$ cat run-v1.txt   # compact mmCIF, C-alpha atoms
# COMPACT_ATOMS: atom_id res chain seq x y z
CA MET A 1 15.42 17.37 -4.66
CA THR A 2 19.06 18.13 -5.61
CA LYS A 3 21.10 16.31 -8.24
CA ARG A 4 23.28 14.95 -5.43
CA THR A 5 20.27 13.54 -3.60
CA SER A 6 18.85 12.12 -6.83
CA GLY A 7 22.13 10.38 -7.57
CA LEU A 8 22.27 8.96 -4.06
CA LEU A 9 18.78 7.53 -4.46
CA VAL A 10 19.71 5.68 -7.62
CA LEU A 11 22.92 4.43 -6.00
CA LEU A 12 21.06 3.20 -2.93
CA ILE A 13 18.59 1.17 -4.99
CA ALA A 14 21.32 -0.28 -7.19
CA VAL A 15 23.71 -1.15 -4.36
CA MET A 16 21.07 -2.76 -2.17
CA THR A 17 19.65 -4.81 -5.03
CA LEU A 18 23.11 -5.86 -6.24
CA GLY A 19 24.33 -6.64 -2.71
CA VAL A 20 21.59 -9.10 -1.94
CA SER A 21 21.71 -10.56 -5.44
CA CYS A 22 25.43 -11.27 -5.07
CA GLN A 23 24.87 -13.03 -1.78
CA SER A 24 22.25 -15.17 -3.49
CA ALA A 25 24.56 -15.94 -6.40
CA GLN A 26 27.09 -17.48 -4.03
CA LYS A 27 24.55 -20.03 -2.76
CA PRO A 28 24.28 -23.35 -4.59
CA ALA A 29 21.06 -23.80 -6.54
CA THR A 30 18.69 -26.18 -4.78
CA GLU A 31 16.03 -26.30 -7.47
CA ASP A 32 15.64 -25.47 -11.13
CA VAL A 33 12.11 -24.10 -10.98
CA LYS A 34 11.97 -20.44 -10.01
CA LYS A 35 9.08 -18.97 -8.10
CA GLU A 36 6.84 -16.56 -9.96
CA ILE A 37 6.41 -13.09 -8.45
CA LYS A 38 2.91 -11.99 -9.39
CA PHE A 39 2.49 -8.87 -7.28
CA LYS A 40 3.31 -5.33 -8.34
CA LEU A 41 5.26 -2.63 -6.49
CA GLY A 42 3.59 0.68 -5.76
CA VAL A 43 3.57 3.73 -3.50
CA ALA A 44 0.95 5.08 -1.14
CA SER A 45 1.20 8.79 -1.86
CA TYR A 46 0.84 9.70 1.83
CA SER A 47 4.58 8.98 1.87
CA LEU A 48 5.08 12.15 -0.21
CA ARG A 49 2.35 14.22 1.40
CA LYS A 50 4.42 17.42 1.46
CA PHE A 51 5.24 17.32 -2.23
CA ASP A 52 3.16 18.14 -5.28
CA THR A 53 1.62 15.63 -7.64
CA ASP A 54 4.29 16.05 -10.33
CA LYS A 55 7.17 15.33 -7.96
CA THR A 56 5.25 12.47 -6.34
CA LEU A 57 4.66 10.75 -9.67
CA ALA A 58 8.21 11.35 -10.88
CA PHE A 59 9.74 9.94 -7.73
CA THR A 60 7.41 6.93 -7.73
CA LYS A 61 8.66 6.11 -11.21
CA GLN A 62 12.27 6.70 -10.15
CA LEU A 63 11.80 4.10 -7.42
CA GLY A 64 10.81 1.58 -10.06
CA ALA A 65 7.20 1.45 -8.91
CA ASP A 66 4.43 1.52 -11.50
CA TYR A 67 1.38 1.87 -9.24
CA ILE A 68 0.18 4.62 -6.92
CA ALA A 69 -2.68 5.20 -4.51
CA PHE A 70 -3.43 8.90 -4.19
CA LYS A 71 -4.15 10.40 -0.81
CA SER A 72 -6.20 13.61 -0.81
CA PHE A 73 -2.97 15.67 -0.68
CA HIS A 74 -2.50 14.79 -4.35
CA LEU A 75 -6.13 14.59 -5.44
CA LYS A 76 -8.70 16.27 -3.22
CA LEU A 77 -11.87 14.38 -2.47
CA ASP A 78 -13.87 17.41 -3.58
CA ALA A 79 -11.79 17.95 -6.71
CA THR A 80 -13.61 19.19 -9.79
CA ASP A 81 -14.04 16.96 -12.80
CA ALA A 82 -11.35 18.97 -14.56
CA GLU A 83 -8.91 18.54 -11.66
CA ILE A 84 -9.54 14.80 -11.57
CA ALA A 85 -9.06 14.53 -15.31
CA GLU A 86 -5.76 16.42 -15.03
CA ALA A 87 -4.51 14.06 -12.28
CA VAL A 88 -5.41 11.04 -14.40
CA LYS A 89 -3.64 12.58 -17.40
CA LYS A 90 -0.49 13.28 -15.37
CA SER A 91 -0.43 9.76 -13.98
CA LYS A 92 -0.71 8.20 -17.41
CA ALA A 93 1.95 10.52 -18.81
CA ALA A 94 4.30 9.51 -16.00
CA GLY A 95 3.67 5.83 -16.69
CA VAL A 96 2.15 5.27 -13.25
CA ASP A 97 -1.14 3.41 -12.76
CA LEU A 98 -3.46 5.38 -10.47
CA TYR A 99 -5.02 2.18 -9.17
CA ALA A 100 -6.53 3.43 -5.89
CA GLY A 101 -7.44 6.32 -3.65
CA GLY A 102 -7.04 6.49 0.08
CA VAL A 103 -7.04 6.14 2.88
CA ILE A 104 -10.58 7.59 2.69
CA TYR A 105 -12.69 7.83 5.84
CA MET A 106 -16.44 7.40 5.47
CA LYS A 107 -18.70 8.38 8.35
CA THR A 108 -21.89 9.17 6.42
CA GLU A 109 -23.69 7.90 3.33
CA ALA A 110 -22.84 11.17 1.63
CA GLU A 111 -19.13 10.52 2.20
CA VAL A 112 -19.52 7.02 0.77
CA ASP A 113 -21.26 8.46 -2.29
CA GLN A 114 -18.51 11.03 -2.72
CA ALA A 115 -15.75 8.41 -2.46
CA PHE A 116 -17.23 6.17 -5.13
CA GLU A 117 -17.92 9.02 -7.55
CA TYR A 118 -14.37 10.27 -6.98
CA ALA A 119 -12.91 6.83 -7.66
CA LYS A 120 -15.05 6.32 -10.76
CA LYS A 121 -14.06 9.66 -12.29
CA ALA A 122 -10.38 8.99 -11.54
CA GLU A 123 -10.63 5.53 -13.17
CA MET A 124 -9.50 3.84 -9.95
CA ASP A 125 -10.00 0.12 -9.40
CA MET A 126 -10.11 0.39 -5.65
CA ILE A 127 -10.86 2.56 -2.65
CA VAL A 128 -8.65 2.05 0.38
CA GLY A 129 -11.09 3.07 3.03
CA VAL A 130 -12.27 3.20 6.61
CA PRO A 131 -16.07 3.11 6.59
CA SER A 132 -17.99 3.18 9.86
CA HIS A 133 -19.32 -0.25 10.80
CA GLU A 134 -22.97 0.68 10.33
CA LEU A 135 -22.24 1.82 6.76
CA LEU A 136 -20.80 -1.49 5.55
CA PRO A 137 -24.06 -2.73 3.95
CA TYR A 138 -24.41 0.62 2.17
CA VAL A 139 -20.78 0.42 1.02
CA GLU A 140 -21.35 -3.12 -0.26
CA ASN A 141 -24.23 -1.87 -2.42
CA LYS A 142 -21.95 0.81 -3.86
CA VAL A 143 -19.27 -1.78 -4.59
CA LYS A 144 -21.83 -3.76 -6.58
CA GLU A 145 -23.18 -0.65 -8.34
CA TYR A 146 -19.79 0.79 -9.36
CA ASP A 147 -17.73 -2.43 -9.60
CA ILE A 148 -15.02 -0.71 -7.56
CA LYS A 149 -13.33 -2.68 -4.80
CA LEU A 150 -13.25 -1.48 -1.18
CA ALA A 151 -10.17 -2.43 0.85
CA ILE A 152 -10.47 -1.70 4.57
CA HIS A 153 -7.23 -0.40 6.09
CA ASN A 154 -6.20 -1.38 9.63
CA HIS A 155 -4.49 1.20 11.84
CA GLY A 156 -3.22 -0.77 14.81
CA PRO A 157 -3.25 0.17 18.51
CA GLY A 158 -5.78 2.84 19.37
CA ASP A 159 -7.89 2.34 16.25
CA LYS A 160 -11.43 1.76 17.55
CA LEU A 161 -12.83 0.71 14.17
CA TYR A 162 -10.24 -1.56 12.56
CA SER A 163 -7.20 -2.15 14.74
CA SER A 164 -6.34 -5.36 12.89
CA ALA A 165 -7.18 -7.03 9.60
CA GLU A 166 -9.23 -9.55 11.57
CA SER A 167 -11.45 -6.84 13.05
CA ALA A 168 -12.52 -5.94 9.50
CA TYR A 169 -12.56 -9.50 8.17
CA VAL A 170 -15.17 -10.74 10.63
CA LEU A 171 -17.55 -8.00 9.44
CA ILE A 172 -17.13 -8.48 5.68
CA LYS A 173 -16.31 -12.18 5.23
CA ASP A 174 -19.83 -12.99 4.02
CA MET A 175 -20.22 -9.88 1.87
CA ASP A 176 -19.46 -9.37 -1.83
CA PRO A 177 -15.88 -10.60 -2.54
CA ARG A 178 -14.95 -7.10 -3.68
CA MET A 179 -15.31 -6.04 -0.03
CA GLY A 180 -11.82 -6.77 1.24
CA LEU A 181 -8.73 -5.71 3.14
CA CYS A 182 -5.75 -3.44 2.73
CA ILE A 183 -3.39 -4.98 5.26
CA ASP A 184 -0.94 -2.45 6.66
CA ILE A 185 1.85 -4.67 7.94
CA GLY A 186 3.44 -1.96 10.10
CA HIS A 187 0.27 -1.40 12.11
CA THR A 188 -0.25 -5.17 12.16
CA LYS A 189 3.15 -5.62 13.80
CA ARG A 190 2.49 -2.78 16.24
CA ILE A 191 -0.54 -4.60 17.59
CA GLY A 192 1.57 -7.69 18.21
CA ARG A 193 0.34 -9.75 15.26
CA SER A 194 2.31 -11.50 12.53
CA PRO A 195 1.95 -9.82 9.11
CA SER A 196 2.59 -13.13 7.35
CA GLN A 197 0.05 -15.01 9.43
CA ASP A 198 -2.64 -12.37 8.99
CA VAL A 199 -2.19 -12.39 5.22
CA LYS A 200 -2.44 -16.18 5.23
CA ASP A 201 -5.45 -16.29 7.56
CA PHE A 202 -7.47 -13.67 5.70
CA TYR A 203 -6.05 -14.19 2.23
CA ASP A 204 -9.40 -14.65 0.52
CA ARG A 205 -10.10 -10.96 1.25
CA VAL A 206 -6.65 -9.41 0.79
CA LEU A 207 -7.00 -6.83 -2.00
CA ASP A 208 -4.09 -4.52 -1.20
CA ILE A 209 -1.03 -4.38 1.06
CA HIS A 210 0.81 -1.39 2.57
CA ILE A 211 4.38 -2.13 3.58
CA LYS A 212 6.56 -0.32 6.09
CA ASP A 213 8.97 -1.37 8.81
CA VAL A 214 8.55 -0.38 12.46
CA THR A 215 10.97 0.06 15.35
CA LYS A 216 8.95 -1.97 17.89
CA ALA A 217 6.16 -4.54 17.95
CA ASP A 218 4.01 -2.42 20.22
CA HIS A 219 2.04 0.83 20.46
CA ASP A 220 5.23 2.92 20.49
CA GLY A 221 6.65 1.39 17.34
CA SER A 222 7.24 3.97 14.61
CA THR A 223 8.02 3.81 10.90
CA CYS A 224 11.65 3.28 9.94
CA GLU A 225 13.52 2.29 6.82
CA ILE A 226 12.68 -1.24 5.70
CA GLY A 227 15.36 -3.56 7.03
CA HIS A 228 16.03 -1.43 10.09
CA GLY A 229 13.01 -2.56 12.09
CA VAL A 230 11.45 -5.70 13.54
CA ILE A 231 9.51 -7.08 10.55
CA ASP A 232 11.02 -10.11 8.81
CA PHE A 233 10.67 -8.94 5.21
CA ASP A 234 12.47 -11.91 3.73
CA GLN A 235 9.85 -14.22 5.24
CA PHE A 236 6.96 -11.90 4.43
CA LEU A 237 7.80 -11.40 0.76
CA ASN A 238 8.50 -15.10 0.25
CA ASP A 239 5.13 -15.88 1.82
CA LEU A 240 3.40 -13.49 -0.60
CA VAL A 241 5.06 -15.25 -3.52
CA ASP A 242 4.10 -18.67 -2.19
CA LEU A 243 0.49 -17.54 -1.77
CA GLY A 244 0.41 -16.27 -5.35
CA TYR A 245 -0.65 -12.76 -4.29
CA ASP A 246 -1.11 -10.71 -7.46
CA GLY A 247 -2.20 -7.33 -6.11
CA VAL A 248 -0.14 -4.25 -5.32
CA VAL A 249 2.42 -4.01 -2.53
CA ALA A 250 2.57 -0.28 -1.82
CA LEU A 251 5.31 1.41 0.18
CA GLU A 252 3.83 3.74 2.80
CA TYR A 253 6.77 5.56 4.35
CA GLU A 254 5.53 7.77 7.18
CA LYS A 255 8.94 8.87 8.45
CA ASP A 256 10.80 12.05 7.39
CA GLY A 257 7.83 13.87 5.89
CA ASP A 258 9.97 16.85 4.86
CA ASP A 259 12.60 14.71 3.13
CA PRO A 260 11.50 11.08 2.65
CA PHE A 261 13.44 10.39 -0.55
CA VAL A 262 16.52 8.58 0.75
CA GLY A 263 14.52 6.50 3.24
CA MET A 264 12.03 5.49 0.57
CA ALA A 265 14.82 4.60 -1.86
CA GLU A 266 16.59 2.50 0.76
CA SER A 267 13.33 0.76 1.65
CA MET A 268 12.44 -0.01 -1.95
CA GLY A 269 16.00 -1.13 -2.64
CA TYR A 270 15.82 -3.54 0.28
CA VAL A 271 12.58 -5.01 -1.00
CA LYS A 272 13.96 -5.35 -4.53
CA GLY A 273 17.07 -7.02 -3.15
CA ILE A 274 14.98 -9.72 -1.50
CA LEU A 275 12.88 -10.16 -4.63
CA ALA A 276 16.07 -10.63 -6.64
CA THR A 277 16.91 -13.67 -4.51
CA ILE A 278 13.43 -15.12 -5.10
CA GLU A 279 13.74 -14.79 -8.86

$ encode --input "run-v1.txt" --output "structure tokens"
Amino acid sequence: MTKRTSGLLVLLIAVMTLGVSCQSAQKPATEDVKKEIKFKLGVASYSLRKFDTDKTLAFTKQLGADYIAFKSFHLKLDATDAEIAEAVKKSKAAGVDLYAGGVIYMKTEAEVDQAFEYAKKAEMDMIVGVPSHELLPYVENKVKEYDIKLAIHNHGPGDKLYSSAESAYVLIKDMDPRMGLCIDIGHTKRIGRSPSQDVKDFYDRVLDIHIKDVTKADHDGSTCEIGHGVIDFDQFLNDLVDLGYDGVVALEYEKDGDDPFVGMAESMGYVKGILATIE
């Protein structure tokens, strides 16, 4: 990343945050009590899948995000204990909380075992996963044994396991409360559902949220910069605040794999701009 690009990223975040804040400042105050924002901003490292761990952590921090979920590009599932320890050390040194791993697919009991050992050694609080339906009772036992949460990630149209948050919710709603959901709002929109409504309807199991914007509310919708697509982020973020959601909201930017920096900065800046109006 060049100095020019780095400067542009900082400018984008500052301008977008300031721009929305100024608009808010011109509005008369309607109430004295300000809403409390309890959730934290993070990054799903799949966004930076073509970059090494050092650059991924540094850029996450530059975005003003303090939490990260590592995809296997940045910490292999079969990493040695030494490699895991090094990743944990780097994360702590960067000031970024390695709170989760994923998305991790689990098709066998051995893969479930591997995922939980991996998460334990990396000091993760959560696995963002896609376990096969028949493995859910086995996964629940592991959740109880390790005290590590499992958040099932929906993948929208074409996903035969968990196309929506609801498709996972109906299977886990009576299981241990640490068996929950990672709602991906982009894929939720692509299947024609409302991200806000799904979070409200299944809130008792929402453990994690992946945010992205999409170009269309159908199968052909693709990731775009937040604010350029069809998701109403002002409504969505306000709803999260009203619900009192206190987990992580992680940016998962799938566009521009070779050079995602400006798009990620613009997206995070847009989110921070809206949050500035809430505060």

$ closest_residue --input "run-v1.txt" --among "A:Ala110, A:Ala69, A:Leu181, A:Ala122" --to "Lys89 of chain A" --atoms "all atoms listed in the file"
A:Ala122

$ residues_near_point --input "run-v1.txt" --point "(1.9, 0.4, -0.5)" --cutoff "9 Å" --atoms "all atoms listed in the file" --output "ChimeraX atom specification"
/A:41-45,67-69,184,208-212,248-253

$ write_last_selection --input "run-v1.txt" --atoms "C-alpha atoms" --output "mmCIF file, keeping the file's coordinate frame"
data_model
loop_
_atom_site.group_PDB
_atom_site.id
_atom_site.type_symbol
_atom_site.label_atom_id
_atom_site.label_comp_id
_atom_site.auth_asym_id
_atom_site.auth_seq_id
_atom_site.Cartn_x
_atom_site.Cartn_y
_atom_site.Cartn_z
ATOM 1 C CA LEU A 41 5.260 -2.630 -6.490
ATOM 2 C CA GLY A 42 3.590 0.680 -5.760
ATOM 3 C CA VAL A 43 3.570 3.730 -3.500
ATOM 4 C CA ALA A 44 0.950 5.080 -1.140
ATOM 5 C CA SER A 45 1.200 8.790 -1.860
ATOM 6 C CA TYR A 67 1.380 1.870 -9.240
ATOM 7 C CA ILE A 68 0.180 4.620 -6.920
ATOM 8 C CA ALA A 69 -2.680 5.200 -4.510
ATOM 9 C CA ASP A 184 -0.940 -2.450 6.660
ATOM 10 C CA ASP A 208 -4.090 -4.520 -1.200
ATOM 11 C CA ILE A 209 -1.030 -4.380 1.060
ATOM 12 C CA HIS A 210 0.810 -1.390 2.570
ATOM 13 C CA ILE A 211 4.380 -2.130 3.580
ATOM 14 C CA LYS A 212 6.560 -0.320 6.090
ATOM 15 C CA VAL A 248 -0.140 -4.250 -5.320
ATOM 16 C CA VAL A 249 2.420 -4.010 -2.530
ATOM 17 C CA ALA A 250 2.570 -0.280 -1.820
ATOM 18 C CA LEU A 251 5.310 1.410 0.180
ATOM 19 C CA GLU A 252 3.830 3.740 2.800
ATOM 20 C CA TYR A 253 6.770 5.560 4.350
#

$ closest_atom_pairs --input "run-v1.txt" --of "segment 59-114 of chain A" --to "segment 128-137 of chain A" --cutoff "9 Å" --atoms "all atoms listed in the file" --output "Markdown table"
| residue | atom | partner | partner_atom | distance |
| --- | --- | --- | --- | --- |
| A:Ala69 | CA | A:Val128 | CA | 8.3 |
| A:Ala100 | CA | A:Val128 | CA | 6.8 |
| A:Gly101 | CA | A:Val128 | CA | 6.0 |
| A:Gly102 | CA | A:Val128 | CA | 4.7 |
| A:Val103 | CA | A:Val128 | CA | 5.1 |
| A:Ile104 | CA | A:Gly129 | CA | 4.6 |
| A:Tyr105 | CA | A:Val130 | CA | 4.7 |
| A:Met106 | CA | A:Pro131 | CA | 4.4 |
| A:Lys107 | CA | A:Ser132 | CA | 5.5 |
| A:Thr108 | CA | A:Leu135 | CA | 7.4 |
| A:Glu109 | CA | A:Leu135 | CA | 7.1 |
| A:Val112 | CA | A:Pro131 | CA | 7.8 |

$ residues_near_point --input "run-v1.txt" --point "(-15.2, -10.7, 5.0)" --cutoff "12 Å" --atoms "only C-alpha atoms" --output "CSV table (one decimal) with C-alpha atoms, keeping the file's coordinate frame"
chain,number,residue,atom,x,y,z
A,136,LEU,CA,-20.8,-1.5,5.6
A,137,PRO,CA,-24.1,-2.7,4.0
A,140,GLU,CA,-21.4,-3.1,-0.3
A,150,LEU,CA,-13.2,-1.5,-1.2
A,151,ALA,CA,-10.2,-2.4,0.8
A,152,ILE,CA,-10.5,-1.7,4.6
A,165,ALA,CA,-7.2,-7.0,9.6
A,166,GLU,CA,-9.2,-9.6,11.6
A,167,SER,CA,-11.4,-6.8,13.0
A,168,ALA,CA,-12.5,-5.9,9.5
A,169,TYR,CA,-12.6,-9.5,8.2
A,170,VAL,CA,-15.2,-10.7,10.6
A,171,LEU,CA,-17.6,-8.0,9.4
A,172,ILE,CA,-17.1,-8.5,5.7
A,173,LYS,CA,-16.3,-12.2,5.2
A,174,ASP,CA,-19.8,-13.0,4.0
A,175,MET,CA,-20.2,-9.9,1.9
A,176,ASP,CA,-19.5,-9.4,-1.8
A,177,PRO,CA,-15.9,-10.6,-2.5
A,178,ARG,CA,-15.0,-7.1,-3.7
A,179,MET,CA,-15.3,-6.0,0.0
A,180,GLY,CA,-11.8,-6.8,1.2
A,181,LEU,CA,-8.7,-5.7,3.1
A,201,ASP,CA,-5.4,-16.3,7.6
A,202,PHE,CA,-7.5,-13.7,5.7
A,203,TYR,CA,-6.0,-14.2,2.2
A,204,ASP,CA,-9.4,-14.6,0.5
A,205,ARG,CA,-10.1,-11.0,1.2
A,206,VAL,CA,-6.6,-9.4,0.8
A,207,LEU,CA,-7.0,-6.8,-2.0

$ closest_residue --input "run-v1.txt" --among "A:Val214, A:Ile278, A:Met264, A:Ile183" --to "Thr60 of chain A" --atoms "all atoms listed in the file"
A:Met264

$ atom_distance --input "run-v1.txt" --atom1 "atom CA of Asp259 of chain A" --atom2 "atom CA of Asp52 of chain A"
13.1 Å

$ closest_residue --input "run-v1.txt" --among "A:Gln197, A:Ser164, A:Gln114, A:Asn238" --to "Lys76 of chain A" --atoms "all atoms listed in the file"
A:Gln114

$ atom_distance --input "run-v1.txt" --atom1 "atom CA of Ile185 of chain A" --atom2 "atom CA of His228 of chain A"
14.7 Å

$ closest_residue --input "run-v1.txt" --among "A:Glu36, A:Lys216, A:Cys224, A:Ala119" --to "Ala85 of chain A" --atoms "all atoms listed in the file"
A:Ala119

$ atom_distance --input "run-v1.txt" --atom1 "atom CA of Val96 of chain A" --atom2 "atom CA of Gln62 of chain A"
10.7 Å

$ residues_around --input "run-v1.txt" --residues "Lys38 of chain A" --least-positions-apart "5" --cutoff "8 Å" --atoms "all atoms listed in the file" --output "number ranges by chain"
A: 241, 244-247

$ closest_atom_pairs --input "run-v1.txt" --of "segment 52-90 of chain A" --to "segment 267-271 of chain A" --cutoff "9 Å" --atoms "only C-alpha atoms" --output "Markdown table"
| residue | atom | partner | partner_atom | distance |
| --- | --- | --- | --- | --- |
| A:Leu63 | CA | A:Met268 | CA | 6.9 |
| A:Gly64 | CA | A:Met268 | CA | 8.4 |
| A:Ala65 | CA | A:Met268 | CA | 8.8 |

$ residues_around --input "run-v1.txt" --residues "Glu123 of chain A" --least-positions-apart "4" --cutoff "8 Å" --atoms "only C-alpha atoms" --output "list in words"
Val88, Leu98, Tyr99 and Ala119 of chain A

$ closest_residue --input "run-v1.txt" --among "A:Glu117, A:Val139, A:Lys61, A:Thr215" --to "Gly227 of chain A" --atoms "only C-alpha atoms"
A:Thr215

$ closest_residue --input "run-v1.txt" --among "A:Val230, A:Asp198, A:Arg190, A:Ala265" --to "Pro157 of chain A" --atoms "only C-alpha atoms"
A:Arg190

$ decode --input "run-v1.txt" --residues "segment 104-123 of chain A" --atoms "N, CA, C and O atoms" --output "compact mmCIF listing (two decimals), in the first residue's frame"
# COMPACT_ATOMS: atom_id res chain seq x y z
N ILE A 104 -15.63 -21.30 9.29
CA ILE A 104 -15.06 -22.64 9.32
C ILE A 104 -16.15 -23.65 8.99
O ILE A 104 -17.18 -23.69 9.67
N TYR A 105 -15.92 -24.45 7.98
CA TYR A 105 -16.88 -25.48 7.58
C TYR A 105 -16.57 -26.77 8.33
O TYR A 105 -15.39 -27.13 8.50
N MET A 106 -17.60 -27.45 8.78
CA MET A 106 -17.44 -28.66 9.56
C MET A 106 -18.36 -29.75 9.01
O MET A 106 -19.58 -29.67 9.19
N LYS A 107 -17.75 -30.73 8.36
CA LYS A 107 -18.53 -31.80 7.74
C LYS A 107 -18.35 -33.14 8.44
O LYS A 107 -19.06 -34.11 8.15
N THR A 108 -17.40 -33.20 9.37
CA THR A 108 -17.14 -34.44 10.11
C THR A 108 -16.87 -34.09 11.57
O THR A 108 -16.54 -32.94 11.91
N GLU A 109 -16.96 -35.09 12.45
CA GLU A 109 -16.64 -34.85 13.86
C GLU A 109 -15.17 -34.45 14.02
O GLU A 109 -14.85 -33.62 14.89
N ALA A 110 -14.32 -35.00 13.19
CA ALA A 110 -12.90 -34.64 13.26
C ALA A 110 -12.70 -33.16 12.94
O ALA A 110 -11.86 -32.49 13.57
N GLU A 111 -13.46 -32.63 12.00
CA GLU A 111 -13.34 -31.21 11.66
C GLU A 111 -13.91 -30.33 12.78
O GLU A 111 -13.39 -29.24 13.03
N VAL A 112 -14.92 -30.81 13.46
CA VAL A 112 -15.44 -30.09 14.63
C VAL A 112 -14.37 -30.06 15.73
O VAL A 112 -14.08 -29.00 16.31
N ASP A 113 -13.77 -31.21 15.99
CA ASP A 113 -12.72 -31.30 17.00
C ASP A 113 -11.58 -30.34 16.68
O ASP A 113 -11.08 -29.62 17.57
N GLN A 114 -11.17 -30.35 15.42
CA GLN A 114 -10.07 -29.48 15.00
C GLN A 114 -10.41 -28.01 15.22
O GLN A 114 -9.59 -27.24 15.72
N ALA A 115 -11.64 -27.63 14.86
CA ALA A 115 -12.05 -26.22 14.98
C ALA A 115 -12.02 -25.75 16.42
O ALA A 115 -11.56 -24.64 16.72
N PHE A 116 -12.49 -26.58 17.34
CA PHE A 116 -12.53 -26.16 18.74
C PHE A 116 -11.14 -26.13 19.37
O PHE A 116 -10.85 -25.25 20.19
N GLU A 117 -10.28 -27.06 19.01
CA GLU A 117 -8.91 -27.02 19.51
C GLU A 117 -8.18 -25.79 18.97
O GLU A 117 -7.44 -25.12 19.70
N TYR A 118 -8.39 -25.50 17.71
CA TYR A 118 -7.81 -24.32 17.04
C TYR A 118 -8.25 -23.05 17.76
O TYR A 118 -7.42 -22.20 18.10
N ALA A 119 -9.55 -22.93 18.02
CA ALA A 119 -10.08 -21.74 18.67
C ALA A 119 -9.55 -21.61 20.10
O ALA A 119 -9.22 -20.50 20.55
N LYS A 120 -9.47 -22.73 20.80
CA LYS A 120 -8.97 -22.70 22.18
C LYS A 120 -7.53 -22.23 22.23
O LYS A 120 -7.17 -21.36 23.03
N LYS A 121 -6.69 -22.79 21.36
CA LYS A 121 -5.27 -22.43 21.36
C LYS A 121 -5.06 -20.97 20.95
O LYS A 121 -4.11 -20.32 21.40
N ALA A 122 -5.95 -20.45 20.09
CA ALA A 122 -5.83 -19.07 19.64
C ALA A 122 -6.55 -18.09 20.56
O ALA A 122 -6.63 -16.89 20.25
N GLU A 123 -7.08 -18.60 21.68
CA GLU A 123 -7.76 -17.78 22.69
C GLU A 123 -8.97 -17.05 22.13
O GLU A 123 -9.30 -15.93 22.54
